[in-house]
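Q: Shown below is the structure under consideration.
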Amino acid sequence: MNDKKTYGFTTTILHSDRQKGIEHGSLHKPIHTSVTFGYEDARQLAEVFQGKQPGYRYGRQGNPTVSALEEKITKMEDGKSTICFATGMAAIGAIVQGLLREGDHVVSSAFLFGNTNSLWMTVGAQGAKVSMVDATDVKNVEAAITPNTRLVFVETIANPRTQVADLKRIGELCRERGILYVVDNTMTSPYLFRPKTVGAGLVVNSLTKSIGGHGNALGGALTDTGEYDWTRYPHIADNYKKNPAPQWGMAQIRAKALRDFGATLGPEAAHHIAVGAETMALRQERECKNALAVAQMLEADERVAAVYYPGLESHPQHALSKALFRSFGSLMSFELKDGIDCFDYLNRMHLAVAASNLGDTRTLVIPVAHTIFYEMGAERRASMGIAESLIRVSVGLEDTEDLVADFRQALEA
């Protein structure tokens, strides 16, 4: 590749590893399984530990295979640096562990993945305050901000009801107030959207989902976009201020969250994710096409009470989604009318698999209220608009006609 030329999304990912040269001419970065790394000069080992020169210390803190994936994710998000973790939730938890303190305040979208919602409840019980707001309107975020607000957290497209946050205006608000803006990009992926364009300072991606794409490896990532001025963050320890100011936040997260808590991404998983990422754009194109076709069919069926997909003109944030995203994603959900049992419906499907994951090659379906949102209780589900009959769909790569026919026949039965 020509370092002076700007290439397209997929071209960049495909040739990322080769930019730094790979052992023996391999096209993929090899899987480095070593836990520790030796140095012939003990002084060099000390300088690596002191951060005076680059290098690897111990597998919990870094690995050549994982580093290659981190560079790939950084390029995807047009960021400055990335840290990978064992799961997407570990990446979000790293923000909590690395940056928040007792008495801090977080403003979060109320429309969240169930486990993220649970994490914020835990944070609230441990001395930090969390305000959950309807982030589809920036006014709700602004009203919740206090002098102790350290960060604002939103998902691009909410899981499972597909509400779309007022991403651009929230970014403008955070920049004006000097607040760290964190955007979970999992439901859109770096191919469909780059949160950097709306001012996000940190971007979360669950690598398990669309980036890895094949349901065969867990992983998560935090990317620093360079949009946030870390000199404005009050909790950076002096030890990490030895780095240039733009590196302060990630230096502290890598040490206090990755090193100290050890939610490390293994090299085998990193390799699976890196290979899967090469076809992300191709998969996303097909999945988005399939999702729109299924959503349109369901919306037209009188036995369906509601369909939630940003690609539908009936969606409250359709125009916003069209302006922000390359396409509308592979996540959708729908409610059946009274009298149609959601379990019976799912059991009549032949192609869609009853399973809990997103961004897989296969179409996956799950009854939300009875599974992934069961623990939060009926009152909290109702406040989030989660109906008892709500079915979440992660649309896969099947032939469009086959997939639409499967959803239709389950209704007609």
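Residue numbering restarts at 1 in every chain; chains get A, B, ... in the order shown in the structure tokens, and ligands count up from 1 in that same order.
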Skipping near chain neighbours, those fewer than 3 positions away, what residues fall within 7 Å of region 96-113 of chain A using only C-alpha atoms, listed as an mmCIF file with N, CA, C and O atoms, in the first residue's frame?
A:
data_model
loop_
_atom_site.group_PDB
_atom_site.id
_atom_site.type_symbol
_atom_site.label_atom_id
_atom_site.label_comp_id
_atom_site.auth_asym_id
_atom_site.auth_seq_id
_atom_site.Cartn_x
_atom_site.Cartn_y
_atom_site.Cartn_z
ATOM 1 N N ILE A 92 -16.818 -1.241 28.274
ATOM 2 C CA ILE A 92 -17.600 -0.217 28.964
ATOM 3 C C ILE A 92 -17.190 -0.145 30.431
ATOM 4 O O ILE A 92 -17.046 0.935 31.004
ATOM 5 N N GLY A 93 -16.995 -1.318 31.051
ATOM 6 C CA GLY A 93 -16.554 -1.342 32.439
ATOM 7 C C GLY A 93 -15.208 -0.672 32.646
ATOM 8 O O GLY A 93 -14.926 -0.110 33.713
ATOM 9 N N THR A 116 -25.692 -3.214 29.928
ATOM 10 C CA THR A 116 -25.195 -1.865 30.174
ATOM 11 C C THR A 116 -26.079 -1.167 31.199
ATOM 12 O O THR A 116 -25.589 -0.482 32.108
ATOM 13 N N ASN A 117 -27.384 -1.350 31.078
ATOM 14 C CA ASN A 117 -28.315 -0.822 32.071
ATOM 15 C C ASN A 117 -27.977 -1.360 33.459
ATOM 16 O O ASN A 117 -27.928 -0.623 34.447
ATOM 17 N N GLY A 127 -21.554 4.750 44.605
ATOM 18 C CA GLY A 127 -21.089 6.089 44.947
ATOM 19 C C GLY A 127 -21.085 7.115 43.843
ATOM 20 O O GLY A 127 -20.809 8.292 44.088
ATOM 21 N N ALA A 128 -21.359 6.710 42.610
ATOM 22 C CA ALA A 128 -21.509 7.672 41.513
ATOM 23 C C ALA A 128 -22.993 7.758 41.162
ATOM 24 O O ALA A 128 -23.735 6.793 41.306
ATOM 25 N N LYS A 129 -23.431 8.896 40.721
ATOM 26 C CA LYS A 129 -24.834 9.080 40.360
ATOM 27 C C LYS A 129 -24.995 8.932 38.855
ATOM 28 O O LYS A 129 -24.173 9.443 38.077
ATOM 29 N N VAL A 130 -26.044 8.232 38.440
ATOM 30 C CA VAL A 130 -26.329 8.043 37.019
ATOM 31 C C VAL A 130 -27.743 8.530 36.723
ATOM 32 O O VAL A 130 -28.705 8.094 37.367
ATOM 33 N N SER A 131 -27.860 9.438 35.773
ATOM 34 C CA SER A 131 -29.171 9.923 35.325
ATOM 35 C C SER A 131 -29.491 9.286 33.987
ATOM 36 O O SER A 131 -28.730 9.421 33.027
ATOM 37 N N MET A 132 -30.625 8.584 33.920
ATOM 38 C CA MET A 132 -31.057 7.929 32.687
ATOM 39 C C MET A 132 -32.094 8.822 32.009
ATOM 40 O O MET A 132 -33.134 9.139 32.608
ATOM 41 N N VAL A 133 -31.821 9.231 30.774
ATOM 42 C CA VAL A 133 -32.694 10.183 30.094
ATOM 43 C C VAL A 133 -33.035 9.691 28.690
ATOM 44 O O VAL A 133 -32.350 8.827 28.134
ATOM 45 N N ASP A 134 -34.072 10.265 28.128
ATOM 46 C CA ASP A 134 -34.432 10.008 26.737
ATOM 47 C C ASP A 134 -33.482 10.812 25.855
ATOM 48 O O ASP A 134 -33.636 12.026 25.685
ATOM 49 N N ALA A 135 -32.481 10.131 25.311
ATOM 50 C CA ALA A 135 -31.421 10.814 24.560
ATOM 51 C C ALA A 135 -31.801 11.075 23.106
ATOM 52 O O ALA A 135 -30.955 11.546 22.339
ATOM 53 N N VAL A 141 -30.787 15.592 27.802
ATOM 54 C CA VAL A 141 -29.402 15.435 28.251
ATOM 55 C C VAL A 141 -28.936 16.711 28.940
ATOM 56 O O VAL A 141 -28.349 16.674 30.034
ATOM 57 N N ALA A 144 -30.145 17.276 32.462
ATOM 58 C CA ALA A 144 -29.622 16.354 33.476
ATOM 59 C C ALA A 144 -28.197 16.669 33.899
ATOM 60 O O ALA A 144 -27.720 16.152 34.913
ATOM 61 N N ILE A 145 -27.491 17.508 33.157
ATOM 62 C CA ILE A 145 -26.086 17.792 33.449
ATOM 63 C C ILE A 145 -25.943 18.587 34.742
ATOM 64 O O ILE A 145 -26.712 19.517 35.021
ATOM 65 N N ASN A 148 -20.899 18.031 38.431
ATOM 66 C CA ASN A 148 -20.102 16.817 38.605
ATOM 67 C C ASN A 148 -20.223 15.836 37.440
ATOM 68 O O ASN A 148 -19.712 14.719 37.528
ATOM 69 N N THR A 149 -20.909 16.231 36.366
ATOM 70 C CA THR A 149 -21.069 15.327 35.226
ATOM 71 C C THR A 149 -19.726 15.126 34.535
ATOM 72 O O THR A 149 -19.103 16.080 34.074
ATOM 73 N N ARG A 150 -19.291 13.888 34.487
ATOM 74 C CA ARG A 150 -17.995 13.566 33.890
ATOM 75 C C ARG A 150 -18.116 13.033 32.470
ATOM 76 O O ARG A 150 -17.205 13.202 31.665
ATOM 77 N N LEU A 151 -19.236 12.350 32.185
ATOM 78 C CA LEU A 151 -19.388 11.821 30.827
ATOM 79 C C LEU A 151 -20.853 11.646 30.482
ATOM 80 O O LEU A 151 -21.718 11.511 31.352
ATOM 81 N N VAL A 152 -21.107 11.670 29.185
ATOM 82 C CA VAL A 152 -22.425 11.354 28.616
ATOM 83 C C VAL A 152 -22.259 10.100 27.783
ATOM 84 O O VAL A 152 -21.330 10.005 26.963
ATOM 85 N N PHE A 153 -23.155 9.127 27.983
ATOM 86 C CA PHE A 153 -23.050 7.827 27.314
ATOM 87 C C PHE A 153 -24.331 7.542 26.531
ATOM 88 O O PHE A 153 -25.437 7.609 27.080
ATOM 89 N N VAL A 154 -24.176 7.220 25.250
ATOM 90 C CA VAL A 154 -25.335 6.848 24.425
ATOM 91 C C VAL A 154 -24.968 5.697 23.497
ATOM 92 O O VAL A 154 -23.796 5.459 23.223
ATOM 93 N N GLU A 155 -25.980 4.981 23.046
ATOM 94 C CA GLU A 155 -25.832 4.024 21.954
ATOM 95 C C GLU A 155 -26.305 4.704 20.677
ATOM 96 O O GLU A 155 -27.193 5.556 20.713
ATOM 97 N N ALA A 158 -30.455 2.120 19.683
ATOM 98 C CA ALA A 158 -30.660 1.429 20.955
ATOM 99 C C ALA A 158 -31.130 -0.008 20.735
ATOM 100 O O ALA A 158 -31.914 -0.303 19.832
ATOM 101 N N ASN A 159 -30.626 -0.863 21.582
ATOM 102 C CA ASN A 159 -30.973 -2.284 21.587
ATOM 103 C C ASN A 159 -31.968 -2.528 22.718
ATOM 104 O O ASN A 159 -31.638 -2.269 23.874
ATOM 105 N N HIS A 235 -9.702 13.696 36.629
ATOM 106 C CA HIS A 235 -9.221 12.529 37.367
ATOM 107 C C HIS A 235 -8.020 11.831 36.725
ATOM 108 O O HIS A 235 -7.827 10.635 36.926
ATOM 109 N N GLN A 252 -4.238 5.954 31.127
ATOM 110 C CA GLN A 252 -4.817 5.609 32.420
ATOM 111 C C GLN A 252 -5.754 4.411 32.314
ATOM 112 O O GLN A 252 -5.751 3.529 33.179
ATOM 113 N N ILE A 253 -6.557 4.351 31.249
ATOM 114 C CA ILE A 253 -7.467 3.219 31.075
ATOM 115 C C ILE A 253 -6.686 1.925 30.871
ATOM 116 O O ILE A 253 -7.028 0.886 31.449
ATOM 117 N N LYS A 256 -5.153 1.284 34.606
ATOM 118 C CA LYS A 256 -6.059 1.094 35.734
ATOM 119 C C LYS A 256 -7.213 0.148 35.425
ATOM 120 O O LYS A 256 -7.806 -0.429 36.348
ATOM 121 N N ALA A 257 -7.554 -0.004 34.161
ATOM 122 C CA ALA A 257 -8.670 -0.892 33.819
ATOM 123 C C ALA A 257 -8.200 -2.197 33.196
ATOM 124 O O ALA A 257 -8.562 -3.282 33.654
ATOM 125 N N MET A 384 -39.098 1.580 29.337
ATOM 126 C CA MET A 384 -38.274 1.540 28.134
ATOM 127 C C MET A 384 -39.081 1.153 26.898
ATOM 128 O O MET A 384 -38.530 1.040 25.803
#
Q: According to DSSP computed on the backbone, where in region 218-268 of chain A is there strand (DSSP E or B)? Give the residues as JSON, numbers by chain.
A: {"A": [220, 221, 222, 223, 224]}
Q: For the residues in that selection, give me N, CA and C atoms as a PDB file, in the first residue's frame.
A:
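Written file, again-v5.pdb:
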ATOM      1  N   GLY A 220     -14.125  -6.782  22.821  1.00  0.00           N
ATOM      2  CA  GLY A 220     -14.627  -5.411  22.888  1.00  0.00           C
ATOM      3  C   GLY A 220     -13.488  -4.441  22.671  1.00  0.00           C
ATOM      4  N   ALA A 221     -13.826  -3.190  22.370  1.00  0.00           N
ATOM      5  CA  ALA A 221     -12.784  -2.196  22.103  1.00  0.00           C
ATOM      6  C   ALA A 221     -13.230  -0.808  22.515  1.00  0.00           C
ATOM      7  N   LEU A 222     -12.262  -0.015  22.967  1.00  0.00           N
ATOM      8  CA  LEU A 222     -12.428   1.414  23.197  1.00  0.00           C
ATOM      9  C   LEU A 222     -11.476   2.143  22.265  1.00  0.00           C
ATOM     10  N   THR A 223     -11.996   3.104  21.526  1.00  0.00           N
ATOM     11  CA  THR A 223     -11.158   3.895  20.623  1.00  0.00           C
ATOM     12  C   THR A 223     -11.209   5.359  21.023  1.00  0.00           C
ATOM     13  N   ASP A 224     -10.051   5.968  21.168  1.00  0.00           N
ATOM     14  CA  ASP A 224      -9.937   7.400  21.403  1.00  0.00           C
ATOM     15  C   ASP A 224      -9.892   8.082  20.045  1.00  0.00           C
TER      16      ASP A 224
END
Q: Just checking: using only C-alpha atoms, which residue out of A:Thr156, A:Thr197, A:Ser206, A:Ser394 ends up closest to Ala352 (chain A)?
A: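 Using only C-alpha atoms, the shortest distance to Ala352 (chain A) belongs to A:Ser394.
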Q: Just the residues within 12 Å of Leu351 (chain A), please, counting only C-alpha atoms, with nothing from its chain fewer than 5 positions along; format it as a PyMOL selection string.
A: chain A and resi 346+361-365+395-410
Q: Can I get the selection written as an mmCIF file, in the first residue's frame, with N, CA, C and O atoms?
A:
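Done, and the output landed in again.cif:
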data_model
loop_
_atom_site.group_PDB
_atom_site.id
_atom_site.type_symbol
_atom_site.label_atom_id
_atom_site.label_comp_id
_atom_site.auth_asym_id
_atom_site.auth_seq_id
_atom_site.Cartn_x
_atom_site.Cartn_y
_atom_site.Cartn_z
ATOM 1 N N LEU A 346 -42.121 -18.023 17.449
ATOM 2 C CA LEU A 346 -40.702 -18.318 17.269
ATOM 3 C C LEU A 346 -40.459 -19.800 17.000
ATOM 4 O O LEU A 346 -39.575 -20.156 16.204
ATOM 5 N N THR A 361 -23.751 -14.089 11.256
ATOM 6 C CA THR A 361 -24.067 -14.394 9.861
ATOM 7 C C THR A 361 -25.472 -14.973 9.726
ATOM 8 O O THR A 361 -26.109 -14.832 8.687
ATOM 9 N N ARG A 362 -25.963 -15.642 10.765
ATOM 10 C CA ARG A 362 -27.297 -16.237 10.756
ATOM 11 C C ARG A 362 -28.287 -15.292 11.417
ATOM 12 O O ARG A 362 -27.929 -14.555 12.332
ATOM 13 N N THR A 363 -29.540 -15.340 10.995
ATOM 14 C CA THR A 363 -30.580 -14.537 11.636
ATOM 15 C C THR A 363 -30.945 -15.151 12.977
ATOM 16 O O THR A 363 -31.226 -16.347 13.078
ATOM 17 N N LEU A 364 -30.929 -14.307 14.017
ATOM 18 C CA LEU A 364 -31.198 -14.739 15.379
ATOM 19 C C LEU A 364 -32.408 -13.992 15.924
ATOM 20 O O LEU A 364 -32.558 -12.790 15.690
ATOM 21 N N VAL A 365 -33.258 -14.683 16.669
ATOM 22 C CA VAL A 365 -34.459 -14.073 17.239
ATOM 23 C C VAL A 365 -34.548 -14.423 18.725
ATOM 24 O O VAL A 365 -34.126 -15.505 19.147
ATOM 25 N N VAL A 395 -30.632 -9.618 12.015
ATOM 26 C CA VAL A 395 -30.830 -10.135 10.661
ATOM 27 C C VAL A 395 -29.490 -10.559 10.059
ATOM 28 O O VAL A 395 -28.496 -9.832 10.122
ATOM 29 N N GLY A 396 -29.479 -11.738 9.472
ATOM 30 C CA GLY A 396 -28.253 -12.320 8.953
ATOM 31 C C GLY A 396 -28.118 -12.241 7.447
ATOM 32 O O GLY A 396 -28.721 -11.379 6.782
ATOM 33 N N LEU A 397 -27.361 -13.197 6.889
ATOM 34 C CA LEU A 397 -26.959 -13.169 5.487
ATOM 35 C C LEU A 397 -27.779 -14.074 4.575
ATOM 36 O O LEU A 397 -27.458 -14.207 3.392
ATOM 37 N N GLU A 398 -28.824 -14.692 5.103
ATOM 38 C CA GLU A 398 -29.601 -15.613 4.272
ATOM 39 C C GLU A 398 -30.117 -14.912 3.009
ATOM 40 O O GLU A 398 -30.192 -13.676 2.958
ATOM 41 N N ASP A 399 -30.485 -15.681 2.016
ATOM 42 C CA ASP A 399 -31.102 -15.094 0.825
ATOM 43 C C ASP A 399 -32.381 -14.365 1.235
ATOM 44 O O ASP A 399 -33.196 -14.885 2.009
ATOM 45 N N THR A 400 -32.547 -13.158 0.718
ATOM 46 C CA THR A 400 -33.622 -12.285 1.161
ATOM 47 C C THR A 400 -34.990 -12.959 1.049
ATOM 48 O O THR A 400 -35.806 -12.906 1.984
ATOM 49 N N GLU A 401 -35.246 -13.599 -0.074
ATOM 50 C CA GLU A 401 -36.558 -14.221 -0.299
ATOM 51 C C GLU A 401 -36.824 -15.334 0.717
ATOM 52 O O GLU A 401 -37.952 -15.478 1.214
ATOM 53 N N ASP A 402 -35.795 -16.106 1.045
ATOM 54 C CA ASP A 402 -35.953 -17.178 2.023
ATOM 55 C C ASP A 402 -36.269 -16.625 3.404
ATOM 56 O O ASP A 402 -37.102 -17.169 4.137
ATOM 57 N N LEU A 403 -35.608 -15.553 3.751
ATOM 58 C CA LEU A 403 -35.777 -14.973 5.079
ATOM 59 C C LEU A 403 -37.168 -14.355 5.238
ATOM 60 O O LEU A 403 -37.859 -14.593 6.242
ATOM 61 N N VAL A 404 -37.584 -13.583 4.258
ATOM 62 C CA VAL A 404 -38.914 -12.977 4.309
ATOM 63 C C VAL A 404 -39.988 -14.063 4.375
ATOM 64 O O VAL A 404 -40.943 -13.967 5.156
ATOM 65 N N ALA A 405 -39.822 -15.110 3.602
ATOM 66 C CA ALA A 405 -40.789 -16.209 3.590
ATOM 67 C C ALA A 405 -40.869 -16.898 4.943
ATOM 68 O O ALA A 405 -41.956 -17.314 5.377
ATOM 69 N N ASP A 406 -39.744 -17.018 5.634
ATOM 70 C CA ASP A 406 -39.741 -17.682 6.944
ATOM 71 C C ASP A 406 -40.528 -16.875 7.966
ATOM 72 O O ASP A 406 -41.330 -17.428 8.723
ATOM 73 N N PHE A 407 -40.321 -15.558 8.004
ATOM 74 C CA PHE A 407 -41.078 -14.713 8.936
ATOM 75 C C PHE A 407 -42.560 -14.704 8.602
ATOM 76 O O PHE A 407 -43.408 -14.669 9.498
ATOM 77 N N ARG A 408 -42.869 -14.758 7.298
ATOM 78 C CA ARG A 408 -44.266 -14.738 6.881
ATOM 79 C C ARG A 408 -44.975 -16.045 7.222
ATOM 80 O O ARG A 408 -46.095 -16.030 7.749
ATOM 81 N N GLN A 409 -44.347 -17.173 6.939
ATOM 82 C CA GLN A 409 -45.010 -18.453 7.183
ATOM 83 C C GLN A 409 -45.274 -18.674 8.674
ATOM 84 O O GLN A 409 -46.257 -19.325 9.047
ATOM 85 N N ALA A 410 -44.403 -18.145 9.535
ATOM 86 C CA ALA A 410 -44.630 -18.293 10.962
ATOM 87 C C ALA A 410 -45.859 -17.524 11.419
ATOM 88 O O ALA A 410 -46.539 -17.897 12.384
#
Q: Which neighbours of region 27-37 of chain A fall inside 8 Å, counting only C-alpha atoms, when residues of the same chain fewer than 4 positions from it are skipped, and could you give them as a PyMOL selection string?
A: chain A and resi 17-18+22-23+56-60+63-65+68+267-268+271+275
Q: Could you please write out, as an NGL selection string, every residue of region 137-363 of chain A that DSSP assigns to alpha helix (DSSP H)?
A: :A and (138-144 or 167-177 or 189-192 or 248-253 or 260-261 or 267-277 or 280-299 or 318-324 or 342-347)
Q: Looking at A:Thr231, A:Thr225, A:Gln284, A:Thr188, which one is nearest to Asp360 (chain A), with distances taken over only C-alpha atoms?
A: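 The shortest atom-to-atom distance to Asp360 (chain A) comes from A:Gln284.
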Q: So, with only C-alpha atoms as the atoms that count, which of A:Ser118, A:Asn216, A:Gln247, A:Thr162 lies closest to Ser321 (chain A)?
A: A:Thr162
Q: For Gly51 (chain A), work out the shell of residues within 10 Å, counting only C-alpha atoms and skipping chain neighbours fewer than 4 positions away, then give it as a PyMOL selection string.
A: chain A and resi 45-47+55+242-243
Q: How would the residues just chosen look if you wrote them out with C-alpha atoms as a PDB file, in the first residue's frame?
A:
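Done, and the output landed in result11.pdb:
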ATOM      1  CA  LEU A  45      13.135  -4.359  29.696  1.00  0.00           C
ATOM      2  CA  ALA A  46      13.149  -1.620  32.349  1.00  0.00           C
ATOM      3  CA  GLU A  47      12.592   1.094  29.728  1.00  0.00           C
ATOM      4  CA  GLY A  55       7.520  -3.136  23.665  1.00  0.00           C
ATOM      5  CA  LYS A 242       4.070  12.166  31.752  1.00  0.00           C
ATOM      6  CA  ASN A 243       2.625  11.231  28.348  1.00  0.00           C
TER       7      ASN A 243
END
Q: Show me, as a PyMOL selection string, the residues that have an atom within 8 Å of Gly199 (chain A) when counting only C-alpha atoms, minus same-chain residues fewer than 6 positions from it.
A: chain A and resi 168+171-172+175+181+227-228
Q: Distance CA of Asn205 (chain A)-CA of Gln19 (chain A), one decimal place?
A: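 Result for CA of Asn205 (chain A) versus CA of Gln19 (chain A): 23.2 Å, one decimal.
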Q: Would you please work out which residue, of A:Ile13, A:Met332, A:Leu411, A:Leu258, is nearest to Lys75 (chain A) when using only C-alpha atoms?
A: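 Ranked by minimum distance to Lys75 (chain A), first place goes to A:Ile13.
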